[in-house]
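One file, start.cif, is given below (mmCIF, C-alpha atoms).
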data_upload
loop_
_atom_site.label_atom_id
_atom_site.label_comp_id
_atom_site.auth_asym_id
_atom_site.auth_seq_id
_atom_site.Cartn_x
_atom_site.Cartn_y
_atom_site.Cartn_z
CA MET A 254 12.04 -62.24 38.84
CA LYS A 255 13.87 -61.94 35.56
CA ARG A 256 17.58 -61.29 35.16
CA ILE A 257 18.32 -58.39 32.81
CA SER A 258 21.44 -56.69 31.59
CA VAL A 259 21.05 -53.05 30.56
CA THR A 260 23.77 -50.57 29.67
CA VAL A 261 22.84 -47.18 31.13
CA ASN A 262 25.02 -44.16 30.38
CA GLY A 263 27.80 -46.50 29.30
CA VAL A 264 27.72 -48.64 32.45
CA ARG A 265 26.44 -52.18 32.24
CA HIS A 266 24.00 -53.16 34.99
CA GLU A 267 22.88 -56.72 35.76
CA ALA A 268 19.76 -56.85 37.88
CA ASP A 269 16.78 -58.97 38.86
CA VAL A 270 13.46 -57.28 38.12
CA GLU A 271 9.81 -58.19 38.35
CA PRO A 272 8.35 -58.43 34.83
CA ARG A 273 5.92 -55.61 35.65
CA THR A 274 8.68 -53.17 36.63
CA LEU A 275 8.55 -50.19 34.29
CA LEU A 276 11.87 -49.04 32.88
CA VAL A 277 11.45 -45.61 34.51
CA HIS A 278 11.08 -47.20 37.94
CA PHE A 279 14.10 -49.42 37.32
CA ILE A 280 16.14 -46.34 36.39
CA ARG A 281 14.93 -44.24 39.33
CA GLU A 282 14.65 -46.78 42.11
CA GLN A 283 17.13 -49.55 41.33
CA LEU A 284 19.82 -47.48 39.63
CA GLU A 285 19.01 -44.37 41.71
CA LEU A 286 19.21 -42.11 38.67
CA THR A 287 16.42 -39.73 39.60
CA GLY A 288 16.91 -37.19 36.81
CA THR A 289 14.30 -39.05 34.75
CA ASN A 290 10.89 -37.94 36.03
CA VAL A 291 7.50 -39.61 36.14
CA GLY A 292 4.89 -37.08 35.10
CA CYS A 293 1.55 -38.21 33.73
CA ASP A 294 2.08 -41.97 33.84
CA THR A 295 -0.13 -42.24 30.73
CA SER A 296 2.48 -42.02 27.93
CA SER A 297 1.48 -38.42 27.25
CA CYS A 298 3.79 -35.91 28.95
CA GLY A 299 7.27 -37.08 28.01
CA ALA A 300 8.90 -36.23 31.38
CA CYS A 301 10.28 -39.79 31.45
CA THR A 302 11.91 -39.57 28.00
CA ILE A 303 15.21 -41.40 27.67
CA LEU A 304 17.18 -42.66 24.69
CA MET A 305 16.89 -46.36 24.02
CA ASN A 306 19.40 -47.59 21.45
CA GLY A 307 19.74 -43.96 20.35
CA GLN A 308 16.04 -43.21 19.89
CA SER A 309 13.84 -41.23 22.25
CA ALA A 310 11.33 -43.35 24.17
CA LYS A 311 8.92 -42.86 27.05
CA SER A 312 10.38 -45.02 29.81
CA CYS A 313 7.01 -45.21 31.61
CA THR A 314 5.74 -47.24 28.63
CA VAL A 315 8.59 -49.73 28.42
CA LEU A 316 9.03 -52.70 30.72
CA ALA A 317 12.48 -53.04 32.24
CA VAL A 318 12.58 -56.60 30.83
CA GLN A 319 12.07 -55.16 27.33
CA ALA A 320 15.26 -53.16 27.81
CA ASP A 321 17.32 -56.31 28.37
CA GLY A 322 20.36 -55.94 26.13
CA ALA A 323 19.59 -52.31 25.28
CA GLU A 324 21.74 -49.19 25.53
CA VAL A 325 19.94 -46.52 27.53
CA THR A 326 20.93 -42.88 27.97
CA THR A 327 19.35 -40.76 30.70
CA VAL A 328 19.81 -37.06 31.38
CA GLU A 329 22.69 -37.94 33.74
CA GLY A 330 24.52 -39.42 30.75
CA LEU A 331 24.56 -36.17 28.78
CA VAL A 332 27.53 -34.74 30.67
CA SER A 333 30.85 -35.82 29.26
CA ASN A 334 34.09 -35.34 31.23
CA GLY A 335 32.33 -32.82 33.44
CA ASP A 336 31.18 -30.70 30.50
CA TRP A 337 27.53 -30.07 29.84
CA HIS A 338 26.03 -31.30 26.59
CA PRO A 339 25.31 -28.44 24.13
CA VAL A 340 21.59 -29.03 24.70
CA GLN A 341 22.04 -28.62 28.47
CA LYS A 342 24.10 -25.45 27.92
CA ALA A 343 21.46 -24.03 25.58
CA PHE A 344 18.59 -24.74 28.01
CA HIS A 345 20.61 -22.87 30.67
CA GLU A 346 21.53 -19.92 28.47
CA GLN A 347 18.15 -19.54 26.77
CA HIS A 348 16.25 -20.00 30.02
CA GLY A 349 14.57 -23.07 28.55
CA LEU A 350 12.92 -24.02 31.82
CA GLN A 351 10.72 -22.61 34.52
CA CYS A 352 9.90 -25.21 37.20
CA GLY A 353 12.26 -27.70 35.56
CA PHE A 354 10.13 -30.82 35.85
CA CYS A 355 9.75 -31.44 32.13
CA THR A 356 13.35 -30.41 31.42
CA PRO A 357 15.12 -33.80 31.49
CA GLY A 358 12.54 -35.25 29.11
CA MET A 359 12.62 -32.17 26.88
CA MET A 360 16.40 -32.37 26.66
CA MET A 361 16.43 -36.09 25.91
CA ALA A 362 13.78 -35.66 23.19
CA ALA A 363 15.85 -32.80 21.77
CA VAL A 364 19.13 -34.75 21.85
CA GLY A 365 17.47 -37.69 20.06
CA TYR A 366 15.90 -35.41 17.47
CA LEU A 367 19.04 -33.37 16.73
CA ASP A 368 20.85 -36.60 16.05
CA GLU A 369 18.21 -37.35 13.39
CA ASN A 370 17.95 -33.78 12.06
CA PRO A 371 20.97 -31.62 13.00
CA SER A 372 19.66 -28.37 11.49
CA PRO A 373 15.91 -28.16 12.04
CA THR A 374 13.57 -25.23 11.46
CA GLU A 375 11.55 -23.78 14.32
CA ASP A 376 8.41 -25.56 13.08
CA GLU A 377 10.28 -28.86 12.94
CA VAL A 378 11.48 -28.42 16.52
CA ARG A 379 7.93 -27.72 17.69
CA LEU A 380 6.69 -30.89 15.97
CA ALA A 381 9.61 -32.92 17.31
CA LEU A 382 8.67 -31.91 20.87
CA GLU A 383 5.02 -32.83 20.34
CA GLY A 384 5.40 -35.65 22.85
CA ASN A 385 6.67 -33.44 25.68
CA LEU A 386 4.42 -31.22 27.75
CA CYS A 387 5.52 -28.19 29.78
CA ARG A 388 2.85 -27.23 32.32
CA CYS A 389 4.59 -23.89 32.88
CA THR A 390 3.93 -23.33 29.15
CA GLY A 391 7.56 -22.35 28.67
CA TYR A 392 7.64 -23.64 25.11
CA HIS A 393 8.97 -20.47 23.52
CA ASN A 394 12.34 -20.62 25.27
CA ILE A 395 12.49 -24.40 25.03
CA VAL A 396 12.25 -24.13 21.24
CA LYS A 397 14.83 -21.31 21.26
CA ALA A 398 17.14 -23.51 23.33
CA VAL A 399 16.89 -26.45 20.92
CA LEU A 400 17.59 -24.16 17.94
CA ALA A 401 20.56 -22.63 19.78
CA ALA A 402 21.88 -26.10 20.59
CA ALA A 403 21.57 -27.08 16.92
CA ASP A 404 23.58 -23.99 15.94
CA ASP A 405 26.19 -24.73 18.59
CA MET A 406 26.53 -28.39 17.58
CA GLY A 407 26.73 -27.52 13.88
CA SER A 408 29.45 -24.89 14.29
CA MET B 1 0.33 -46.95 38.06
CA ILE B 2 2.11 -50.27 38.04
CA PRO B 3 0.52 -53.16 36.12
CA ALA B 4 -0.83 -56.24 37.90
CA SER B 5 1.63 -59.13 38.07
CA PHE B 6 2.15 -61.32 35.06
CA ASP B 7 4.59 -63.88 33.78
CA TYR B 8 6.97 -62.89 31.04
CA GLU B 9 8.75 -64.92 28.40
CA ARG B 10 10.90 -63.65 25.58
CA ALA B 11 10.46 -65.70 22.41
CA SER B 12 13.46 -66.41 20.23
CA SER B 13 11.45 -67.59 17.21
CA LEU B 14 7.91 -67.27 15.90
CA ASP B 15 7.31 -70.99 16.54
CA GLU B 16 8.46 -70.61 20.13
CA ALA B 17 6.17 -67.58 20.56
CA LEU B 18 3.19 -69.56 19.25
CA SER B 19 3.93 -72.50 21.60
CA LEU B 20 4.31 -70.14 24.57
CA LEU B 21 1.01 -68.46 23.74
CA ALA B 22 -0.75 -71.81 23.31
CA ALA B 23 0.59 -73.03 26.65
CA GLY B 24 -0.34 -69.75 28.33
CA GLY B 25 -4.03 -70.07 27.52
CA GLU B 26 -6.59 -67.40 26.78
CA ASP B 27 -5.07 -64.72 29.05
CA ALA B 28 -1.67 -64.87 27.38
CA ARG B 29 -0.84 -61.96 25.05
CA PRO B 30 1.97 -61.24 22.63
CA LEU B 31 3.98 -58.09 23.43
CA ALA B 32 5.70 -56.04 20.72
CA GLY B 33 6.35 -52.33 21.38
CA GLY B 34 3.74 -52.35 24.12
CA HIS B 35 2.40 -48.91 23.27
CA SER B 36 -1.22 -50.03 23.20
CA LEU B 37 -1.06 -52.85 25.74
CA LEU B 38 1.11 -51.35 28.50
CA PRO B 39 -1.05 -48.21 28.95
CA LEU B 40 -4.10 -50.48 29.38
CA MET B 41 -2.20 -52.69 31.83
CA ARG B 42 -1.12 -49.70 33.89
CA LEU B 43 -4.75 -48.66 34.23
CA ARG B 44 -5.52 -52.32 35.03
CA LEU B 45 -7.98 -52.39 32.15
CA ALA B 46 -5.95 -55.35 30.86
CA ARG B 47 -4.52 -58.06 33.11
CA PRO B 48 -2.82 -60.68 30.96
CA SER B 49 -1.46 -63.66 32.86
CA LEU B 50 1.50 -64.03 30.52
CA LEU B 51 3.25 -61.70 28.10
CA VAL B 52 5.17 -63.37 25.30
CA ASP B 53 7.68 -60.78 24.12
CA ILE B 54 8.06 -61.07 20.36
CA GLY B 55 10.14 -57.86 20.18
CA GLY B 56 13.30 -59.75 19.30
CA LEU B 57 11.91 -61.59 16.26
CA ASP B 58 13.75 -59.85 13.46
CA GLU B 59 11.95 -62.03 10.91
CA LEU B 60 8.84 -59.90 11.62
CA ARG B 61 10.60 -56.59 11.05
CA GLY B 62 11.06 -54.60 7.86
CA VAL B 63 9.39 -53.32 4.72
CA HIS B 64 9.72 -55.48 1.60
CA ASP B 65 9.02 -54.38 -1.95
CA ASP B 66 7.24 -57.26 -3.75
CA GLY B 67 6.72 -55.46 -7.07
CA ASP B 68 3.04 -54.54 -7.18
CA SER B 69 2.62 -54.81 -3.43
CA VAL B 70 4.56 -54.08 -0.25
CA THR B 71 4.83 -56.37 2.75
CA ILE B 72 5.36 -54.73 6.12
CA GLY B 73 6.44 -56.90 9.05
CA ALA B 74 4.42 -56.59 12.24
CA LEU B 75 7.38 -55.39 14.32
CA THR B 76 8.22 -52.50 11.99
CA THR B 77 7.89 -49.35 14.08
CA HIS B 78 5.71 -46.43 13.01
CA HIS B 79 8.94 -44.42 12.67
CA GLU B 80 10.36 -47.00 10.25
CA VAL B 81 7.10 -47.27 8.28
CA ALA B 82 6.94 -43.47 7.98
CA GLY B 83 10.35 -43.46 6.29
CA ALA B 84 9.93 -46.55 4.08
CA ALA B 85 10.93 -45.78 0.49
CA ALA B 86 9.05 -48.82 -0.86
CA LEU B 87 5.70 -47.27 0.04
CA THR B 88 4.98 -45.46 -3.22
CA GLY B 89 1.75 -44.71 -5.09
CA GLY B 90 -1.41 -45.31 -3.08
CA SER B 91 0.52 -47.37 -0.54
CA GLY B 92 2.31 -44.15 0.45
CA LEU B 93 -0.83 -43.59 2.54
CA ILE B 94 0.51 -46.04 5.12
CA ALA B 95 3.73 -44.03 5.53
CA LYS B 96 1.79 -40.77 5.88
CA VAL B 97 -0.51 -42.26 8.49
CA ALA B 98 2.35 -43.88 10.45
CA GLY B 99 4.23 -40.56 10.53
CA GLY B 100 1.32 -38.90 12.29
CA ILE B 101 0.64 -41.47 15.00
CA GLY B 102 1.16 -40.26 18.60
CA ASP B 103 4.46 -38.43 18.90
CA PRO B 104 8.10 -39.20 18.01
CA GLN B 105 8.71 -41.26 21.16
CA VAL B 106 5.59 -43.34 20.51
CA ARG B 107 6.55 -43.84 16.85
CA HIS B 108 9.99 -45.10 17.89
CA ARG B 109 8.49 -47.94 19.96
CA GLY B 110 4.95 -48.53 18.65
CA THR B 111 4.63 -51.14 15.93
CA LEU B 112 2.38 -51.60 12.92
CA GLY B 113 1.36 -55.10 14.01
CA GLY B 114 0.55 -53.98 17.53
CA SER B 115 -1.65 -51.18 16.28
CA VAL B 116 -3.46 -53.49 13.88
CA ALA B 117 -3.95 -56.27 16.45
CA HIS B 118 -5.26 -53.76 19.02
CA ALA B 119 -8.13 -52.88 16.62
CA ASP B 120 -8.95 -49.58 18.29
CA PRO B 121 -11.66 -47.89 16.19
CA ALA B 122 -9.98 -44.53 16.90
CA SER B 123 -6.51 -45.59 15.71
CA ASP B 124 -5.34 -44.38 12.33
CA LEU B 125 -3.77 -47.35 10.53
CA PRO B 126 -6.87 -49.57 10.27
CA ALA B 127 -8.78 -47.06 8.09
CA ALA B 128 -5.76 -46.75 5.81
CA LEU B 129 -5.46 -50.53 5.46
CA LEU B 130 -9.15 -50.71 4.66
CA ALA B 131 -8.93 -47.99 2.01
CA LEU B 132 -6.06 -49.84 0.34
CA ASP B 133 -7.74 -53.27 0.45
CA ALA B 134 -4.72 -54.52 2.38
CA GLU B 135 -4.41 -58.02 3.84
CA VAL B 136 -3.41 -58.85 7.40
CA THR B 137 -1.22 -61.92 7.74
CA LEU B 138 -1.52 -64.13 10.81
CA ALA B 139 0.39 -67.08 12.22
CA GLY B 140 -1.16 -69.53 14.64
CA PRO B 141 -0.85 -73.08 15.89
CA GLY B 142 -2.62 -74.27 12.71
CA GLY B 143 -0.32 -72.41 10.32
CA THR B 144 -0.48 -69.07 8.57
CA ARG B 145 -3.37 -67.31 6.85
CA SER B 146 -4.23 -63.90 5.51
CA VAL B 147 -7.42 -61.97 6.11
CA ALA B 148 -8.67 -58.97 4.12
CA ALA B 149 -8.64 -55.79 6.23
CA ALA B 150 -12.39 -55.55 5.61
CA ASP B 151 -12.87 -58.87 7.42
CA PHE B 152 -10.19 -58.37 10.06
CA PHE B 153 -11.69 -55.53 12.10
CA ILE B 154 -14.94 -56.87 13.53
CA GLY B 155 -15.70 -54.55 16.46
CA PRO B 156 -14.17 -52.15 18.97
CA PHE B 157 -10.88 -53.77 20.06
CA MET B 158 -12.01 -57.00 18.37
CA SER B 159 -10.39 -58.60 15.36
CA ALA B 160 -10.57 -61.82 13.41
CA ALA B 161 -7.31 -62.98 15.06
CA ASP B 162 -8.01 -66.04 17.18
CA ASP B 163 -6.54 -66.62 20.65
CA GLY B 164 -3.02 -67.86 20.16
CA GLU B 165 -2.60 -66.17 16.77
CA ILE B 166 -0.03 -63.46 16.12
CA VAL B 167 -0.33 -60.72 13.50
CA THR B 168 2.83 -61.16 11.44
CA GLY B 169 2.38 -58.27 9.03
CA VAL B 170 0.32 -56.66 6.31
CA ARG B 171 0.42 -56.79 2.53
CA VAL B 172 -0.51 -53.54 0.83
CA PRO B 173 -1.14 -53.14 -2.92
CA LYS B 174 1.08 -50.36 -4.24
CA GLN B 175 -1.57 -48.78 -6.50
CA GLU B 176 1.06 -47.01 -8.59
CA GLY B 177 -0.11 -43.70 -9.97
CA TRP B 178 -2.62 -43.15 -7.17
CA GLY B 179 -2.25 -40.29 -4.71
CA SER B 180 -3.05 -40.46 -1.03
CA ALA B 181 -3.80 -38.34 2.01
CA TYR B 182 -4.78 -38.75 5.65
CA GLN B 183 -6.71 -36.02 7.38
CA LYS B 184 -7.57 -36.26 11.05
CA PHE B 185 -9.17 -33.87 13.46
CA GLN B 186 -8.01 -33.82 17.05
CA ARG B 187 -8.41 -31.17 19.70
CA ARG B 188 -4.92 -31.54 21.20
CA ALA B 189 -1.59 -32.88 19.95
CA GLN B 190 -1.42 -36.68 20.51
CA ASP B 191 -5.19 -37.06 20.95
CA TRP B 192 -6.98 -39.85 19.15
CA ALA B 193 -8.70 -38.66 15.99
CA ILE B 194 -12.28 -37.52 16.60
CA VAL B 195 -12.66 -38.39 12.92
CA GLY B 196 -9.96 -39.47 10.50
CA VAL B 197 -10.16 -39.86 6.72
CA ALA B 198 -7.78 -42.02 4.69
CA ALA B 199 -8.11 -41.36 0.96
CA VAL B 200 -6.50 -42.83 -2.13
CA VAL B 201 -7.40 -41.24 -5.44
CA ASN B 202 -6.60 -42.05 -9.05
CA TRP B 203 -6.54 -38.60 -10.62
CA THR B 204 -6.37 -38.46 -14.41
CA ASP B 205 -6.65 -35.72 -17.04
CA SER B 206 -10.40 -36.21 -17.03
CA GLY B 207 -10.77 -36.10 -13.26
CA ILE B 208 -11.16 -38.77 -10.59
CA ALA B 209 -11.04 -42.23 -12.17
CA GLY B 210 -11.26 -44.05 -8.85
CA ALA B 211 -11.26 -43.32 -5.15
CA ALA B 212 -11.24 -45.28 -1.91
CA ILE B 213 -12.09 -43.69 1.43
CA GLY B 214 -11.46 -45.25 4.85
CA LEU B 215 -12.92 -43.62 7.95
CA THR B 216 -11.48 -43.61 11.48
CA ASN B 217 -13.70 -43.38 14.56
CA MET B 218 -16.98 -43.18 12.64
CA GLY B 219 -18.13 -46.54 14.04
CA GLY B 220 -17.01 -49.57 16.03
CA THR B 221 -14.67 -50.56 13.23
CA PRO B 222 -12.96 -48.58 10.48
CA LEU B 223 -15.45 -48.01 7.66
CA ARG B 224 -15.38 -47.56 3.89
CA ALA B 225 -17.43 -44.66 2.56
CA ARG B 226 -18.59 -46.63 -0.50
CA ALA B 227 -21.38 -44.25 -1.53
CA VAL B 228 -18.95 -41.33 -1.51
CA GLU B 229 -16.40 -43.32 -3.52
CA ALA B 230 -18.98 -44.08 -6.19
CA ALA B 231 -20.16 -40.47 -6.32
CA LEU B 232 -16.58 -39.16 -6.59
CA THR B 233 -15.77 -41.25 -9.65
CA GLY B 234 -15.94 -39.09 -12.75
CA THR B 235 -15.84 -35.78 -10.88
CA SER B 236 -13.24 -33.11 -11.49
CA GLU B 237 -14.61 -29.90 -9.96
CA LYS B 238 -14.62 -28.78 -6.35
CA ALA B 239 -18.41 -28.33 -6.36
CA GLN B 240 -18.90 -31.91 -7.59
CA ILE B 241 -16.61 -33.24 -4.86
CA LEU B 242 -18.54 -31.34 -2.20
CA GLU B 243 -21.74 -32.86 -3.57
CA ALA B 244 -20.19 -36.34 -3.50
CA VAL B 245 -19.01 -36.08 0.11
CA SER B 246 -22.55 -35.40 1.29
CA LYS B 247 -23.24 -39.10 0.54
CA VAL B 248 -21.41 -39.87 3.79
CA SER B 249 -24.83 -39.38 5.41
CA GLU B 250 -25.78 -42.77 3.94
CA LEU B 251 -23.54 -44.45 6.54
CA GLU B 252 -24.95 -45.75 9.79
CA THR B 253 -25.17 -42.96 12.39
CA PRO B 254 -21.70 -42.50 13.91
CA PRO B 255 -21.21 -42.74 17.68
CA ALA B 256 -21.55 -39.77 20.03
CA ASP B 257 -19.16 -39.29 22.95
CA GLU B 258 -17.69 -36.51 25.10
CA ASN B 259 -15.71 -35.21 22.13
CA ALA B 260 -18.37 -35.06 19.46
CA SER B 261 -22.05 -35.63 18.74
CA SER B 262 -23.07 -37.88 15.85
CA GLU B 263 -24.04 -34.82 13.78
CA TYR B 264 -20.67 -33.19 14.40
CA ARG B 265 -18.85 -36.39 13.38
CA LEU B 266 -20.85 -36.49 10.13
CA HIS B 267 -20.01 -32.85 9.48
CA LEU B 268 -16.31 -33.43 10.20
CA ALA B 269 -16.26 -36.48 7.93
CA GLN B 270 -17.57 -34.43 5.00
CA VAL B 271 -15.08 -31.61 5.50
CA LEU B 272 -12.16 -33.98 5.98
CA ILE B 273 -13.08 -36.23 3.03
CA ALA B 274 -13.18 -33.18 0.74
CA ARG B 275 -9.76 -32.05 1.99
CA ALA B 276 -8.25 -35.52 1.82
CA VAL B 277 -9.55 -36.15 -1.70
CA ALA B 278 -8.23 -32.80 -2.95
CA GLU B 279 -4.86 -33.45 -1.35
CA ALA B 280 -4.68 -37.01 -2.68
CA ALA B 281 -5.63 -35.84 -6.15
CA GLY B 282 -2.77 -33.35 -5.97
CA CYS B 283 -5.03 -30.41 -6.82
CA PRO B 284 -4.40 -27.66 -4.30
CA GLY B 285 -7.02 -25.51 -6.03
CA MET B 286 -9.74 -27.93 -4.93
CA GLN B 287 -8.77 -27.71 -1.27
CA ARG B 288 -10.96 -25.86 1.25
#
Give the structure from the file, written as structure tokens.
Amino acid sequence: MKRISVTVNGVRHEADVEPRTLLVHFIREQLELTGTNVGCDTSSCGACTILMNGQSAKSCTVLAVQADGAEVTTVEGLVSNGDWHPVQKAFHEQHGLQCGFCTPGMMMAAVGYLDENPSPTEDEVRLALEGNLCRCTGYHNIVKAVLAAADDMGS
Amino acid sequence: MIPASFDYERASSLDEALSLLAAGGEDARPLAGGHSLLPLMRLRLARPSLLVDIGGLDELRGVHDDGDSVTIGALTTHHEVAGAAALTGGSGLIAKVAGGIGDPQVRHRGTLGGSVAHADPASDLPAALLALDAEVTLAGPGGTRSVAAADFFIGPFMSAADDGEIVTGVRVPKQEGWGSAYQKFQRRAQDWAIVGVAAVVNWTDSGIAGAAIGLTNMGGTPLRARAVEAALTGTSEKAQILEAVSKVSELETPPADENASSEYRLHLAQVLIARAVAEAAGCPGMQR
């Protein structure tokens, strides 16, 4: 076992983990933050997307030990003082989800991207979400939601 | 799936990493971003006994402008390489290629050194390094050395790096005044390239004064299309370029797999070389 210290959603956690524990399993099973989903388990679908030191990452392809010392944000960390993040609001208002499984990863990828590019074009949003798959094929409203969130955050 | 058990050590210096690898024996592996190694470990196609995490070695991170060449540290992420201002001229090819690897999440974690060390014949960076006559720098128990990209990739997932050696970076000639392009064909977003073409072209008033073409997934290693390069030199018209690209048939027959037959790969290579050369030359009129 290895001792790690990871700050998740602003709270520092010290824990013992097996080296082979994937970050997504640490988040879901040890921290019991189950908003982050495991989808494909092959680094393709993006359902497990979190922010690691501010950048989007697929937490199924990171070892928990690699996150020692890192700042991690999961979908649970988007709410601040009980208020939804503009990206969460926009996904709700634009109906940016159908079954909802890909939604946490989509929102985390979007939050990370809007931090990098606050006023993207539609094409840029589509490219930025290249690493997130929606099996309901609800992309149209997902893209609309990200654009609406960008507008909201810029105003 | 969860990887098989392994030991894990985080190195705090390159020397410490090399000692840990040496002590760990032939099944010890360095770990950087893990975006090639961890997927293999999850499928249990790789079962290292020890991972030596070099992710914290800041000395291996960053893009340095050395005048007529650029040095890129092994731990520089694809995202960082894609945005590196020092990669100008022909070396801009590396930034273009890095910006198209995987997806944003993969580019945030995946590293240049990891991709190079993995030596996957379908990965994009090796062909670009080959086209630019780049050098791969290595550190091992016996010291440091550099190996030309042409000598580094020796087979599918096989490189000239010895057990216990770590790829520390690459040195890329800038080739000021040259243009570059990377064209790859994939059936779905994120897929490996069925064929990829890395081109650098020296376009002058009298046409193409020099060209270098690296090919992805046309063999067990990245390949140079030398016959095409020679035929391109001195050309300036679209018809001449199309004639030159047909010389790609002089290469050894490319592999066939579930994505493409050998004939289809040869066809794709010709189409993509023509597009990449036109784009690198900066002549939109010659495209398509």
Determine the residue membership of the PyMOL selection byres ((chain B) within 10 of (chain A)) for the file above and supply it as a short mmCIF file (atom, residue, chain, number, x, y, z; two decimals) with C-alpha atoms, in the frame of the given file.
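result.cif written:
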data_model
loop_
_atom_site.label_atom_id
_atom_site.label_comp_id
_atom_site.auth_asym_id
_atom_site.auth_seq_id
_atom_site.Cartn_x
_atom_site.Cartn_y
_atom_site.Cartn_z
CA MET B 1 0.33 -46.95 38.06
CA ILE B 2 2.11 -50.27 38.04
CA PRO B 3 0.52 -53.16 36.12
CA ALA B 4 -0.83 -56.24 37.90
CA SER B 5 1.63 -59.13 38.07
CA PHE B 6 2.15 -61.32 35.06
CA ASP B 7 4.59 -63.88 33.78
CA TYR B 8 6.97 -62.89 31.04
CA GLU B 9 8.75 -64.92 28.40
CA ARG B 10 10.90 -63.65 25.58
CA LEU B 31 3.98 -58.09 23.43
CA ALA B 32 5.70 -56.04 20.72
CA GLY B 33 6.35 -52.33 21.38
CA GLY B 34 3.74 -52.35 24.12
CA HIS B 35 2.40 -48.91 23.27
CA SER B 36 -1.22 -50.03 23.20
CA LEU B 37 -1.06 -52.85 25.74
CA LEU B 38 1.11 -51.35 28.50
CA PRO B 39 -1.05 -48.21 28.95
CA LEU B 40 -4.10 -50.48 29.38
CA MET B 41 -2.20 -52.69 31.83
CA ARG B 42 -1.12 -49.70 33.89
CA LEU B 43 -4.75 -48.66 34.23
CA LEU B 50 1.50 -64.03 30.52
CA LEU B 51 3.25 -61.70 28.10
CA ASP B 53 7.68 -60.78 24.12
CA ILE B 54 8.06 -61.07 20.36
CA GLY B 55 10.14 -57.86 20.18
CA GLY B 56 13.30 -59.75 19.30
CA GLY B 102 1.16 -40.26 18.60
CA ASP B 103 4.46 -38.43 18.90
CA PRO B 104 8.10 -39.20 18.01
CA GLN B 105 8.71 -41.26 21.16
CA VAL B 106 5.59 -43.34 20.51
CA ARG B 107 6.55 -43.84 16.85
CA HIS B 108 9.99 -45.10 17.89
CA ARG B 109 8.49 -47.94 19.96
CA GLY B 110 4.95 -48.53 18.65
CA ALA B 189 -1.59 -32.88 19.95
CA GLN B 190 -1.42 -36.68 20.51
CA ASP B 191 -5.19 -37.06 20.95
#
*asked:* Need to verify the contact set: Ile194 in chain B, 12 Å, all atoms listed in the file, exclusion of same-chain residues closer than 6 positions in sequence. Can you return it as JSON, numbers by chain?
replied: {"B": [121, 122, 123, 124, 183, 184, 185, 186, 187, 188, 215, 216, 217, 218, 219, 254, 255, 256, 257, 258, 259, 260, 261, 262, 264, 265, 266, 267, 268, 269, 272]}
Writing out the chosen residues with C-alpha atoms as an mmCIF file, in the coordinates of the input:
data_model
loop_
_atom_site.group_PDB
_atom_site.id
_atom_site.type_symbol
_atom_site.label_atom_id
_atom_site.label_comp_id
_atom_site.auth_asym_id
_atom_site.auth_seq_id
_atom_site.Cartn_x
_atom_site.Cartn_y
_atom_site.Cartn_z
ATOM 1 C CA PRO B 121 -11.660 -47.890 16.190
ATOM 2 C CA ALA B 122 -9.980 -44.530 16.900
ATOM 3 C CA SER B 123 -6.510 -45.590 15.710
ATOM 4 C CA ASP B 124 -5.340 -44.380 12.330
ATOM 5 C CA GLN B 183 -6.710 -36.020 7.380
ATOM 6 C CA LYS B 184 -7.570 -36.260 11.050
ATOM 7 C CA PHE B 185 -9.170 -33.870 13.460
ATOM 8 C CA GLN B 186 -8.010 -33.820 17.050
ATOM 9 C CA ARG B 187 -8.410 -31.170 19.700
ATOM 10 C CA ARG B 188 -4.920 -31.540 21.200
ATOM 11 C CA LEU B 215 -12.920 -43.620 7.950
ATOM 12 C CA THR B 216 -11.480 -43.610 11.480
ATOM 13 C CA ASN B 217 -13.700 -43.380 14.560
ATOM 14 C CA MET B 218 -16.980 -43.180 12.640
ATOM 15 C CA GLY B 219 -18.130 -46.540 14.040
ATOM 16 C CA PRO B 254 -21.700 -42.500 13.910
ATOM 17 C CA PRO B 255 -21.210 -42.740 17.680
ATOM 18 C CA ALA B 256 -21.550 -39.770 20.030
ATOM 19 C CA ASP B 257 -19.160 -39.290 22.950
ATOM 20 C CA GLU B 258 -17.690 -36.510 25.100
ATOM 21 C CA ASN B 259 -15.710 -35.210 22.130
ATOM 22 C CA ALA B 260 -18.370 -35.060 19.460
ATOM 23 C CA SER B 261 -22.050 -35.630 18.740
ATOM 24 C CA SER B 262 -23.070 -37.880 15.850
ATOM 25 C CA TYR B 264 -20.670 -33.190 14.400
ATOM 26 C CA ARG B 265 -18.850 -36.390 13.380
ATOM 27 C CA LEU B 266 -20.850 -36.490 10.130
ATOM 28 C CA HIS B 267 -20.010 -32.850 9.480
ATOM 29 C CA LEU B 268 -16.310 -33.430 10.200
ATOM 30 C CA ALA B 269 -16.260 -36.480 7.930
ATOM 31 C CA LEU B 272 -12.160 -33.980 5.980
#
_Since I can't run it myself right now, could you work out what the PyMOL selection byres ((chain B and resi 229-241) around 6) selects here and report it as number ranges by chain?_
B: 207-212, 226-228, 242-244, 286
*Where does the PyMOL selection byres ((chain B and resi 74) around 12) land in this file, that is, which residues does it pick, as a VMD selection string?*
chain B and resid 14 30 to 33 54 to 64 71 to 73 75 to 78 80 to 81 110 to 117 136 to 139 166 to 171
*Counting all atoms listed in the file, which of B:Val200, B:Ala46, B:Ala281, B:Ala160 gets nearest to Ser180 in chain B?*
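Ranking B:Val200, B:Ala46, B:Ala281, B:Ala160 by distance to Ser180 in chain B, first place goes to B:Val200.
The two atoms in question, CA of Cys301 in chain A and CA of Ala95 in chain B, are spaced 27.1 Å apart.
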*Which one of B:Ser49, B:Ser19, B:Gln270, B:Thr221 sits closest to Leu130 in chain B if you count only C-alpha atoms?*
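So, comparing all the options, the nearest one is B:Thr221.
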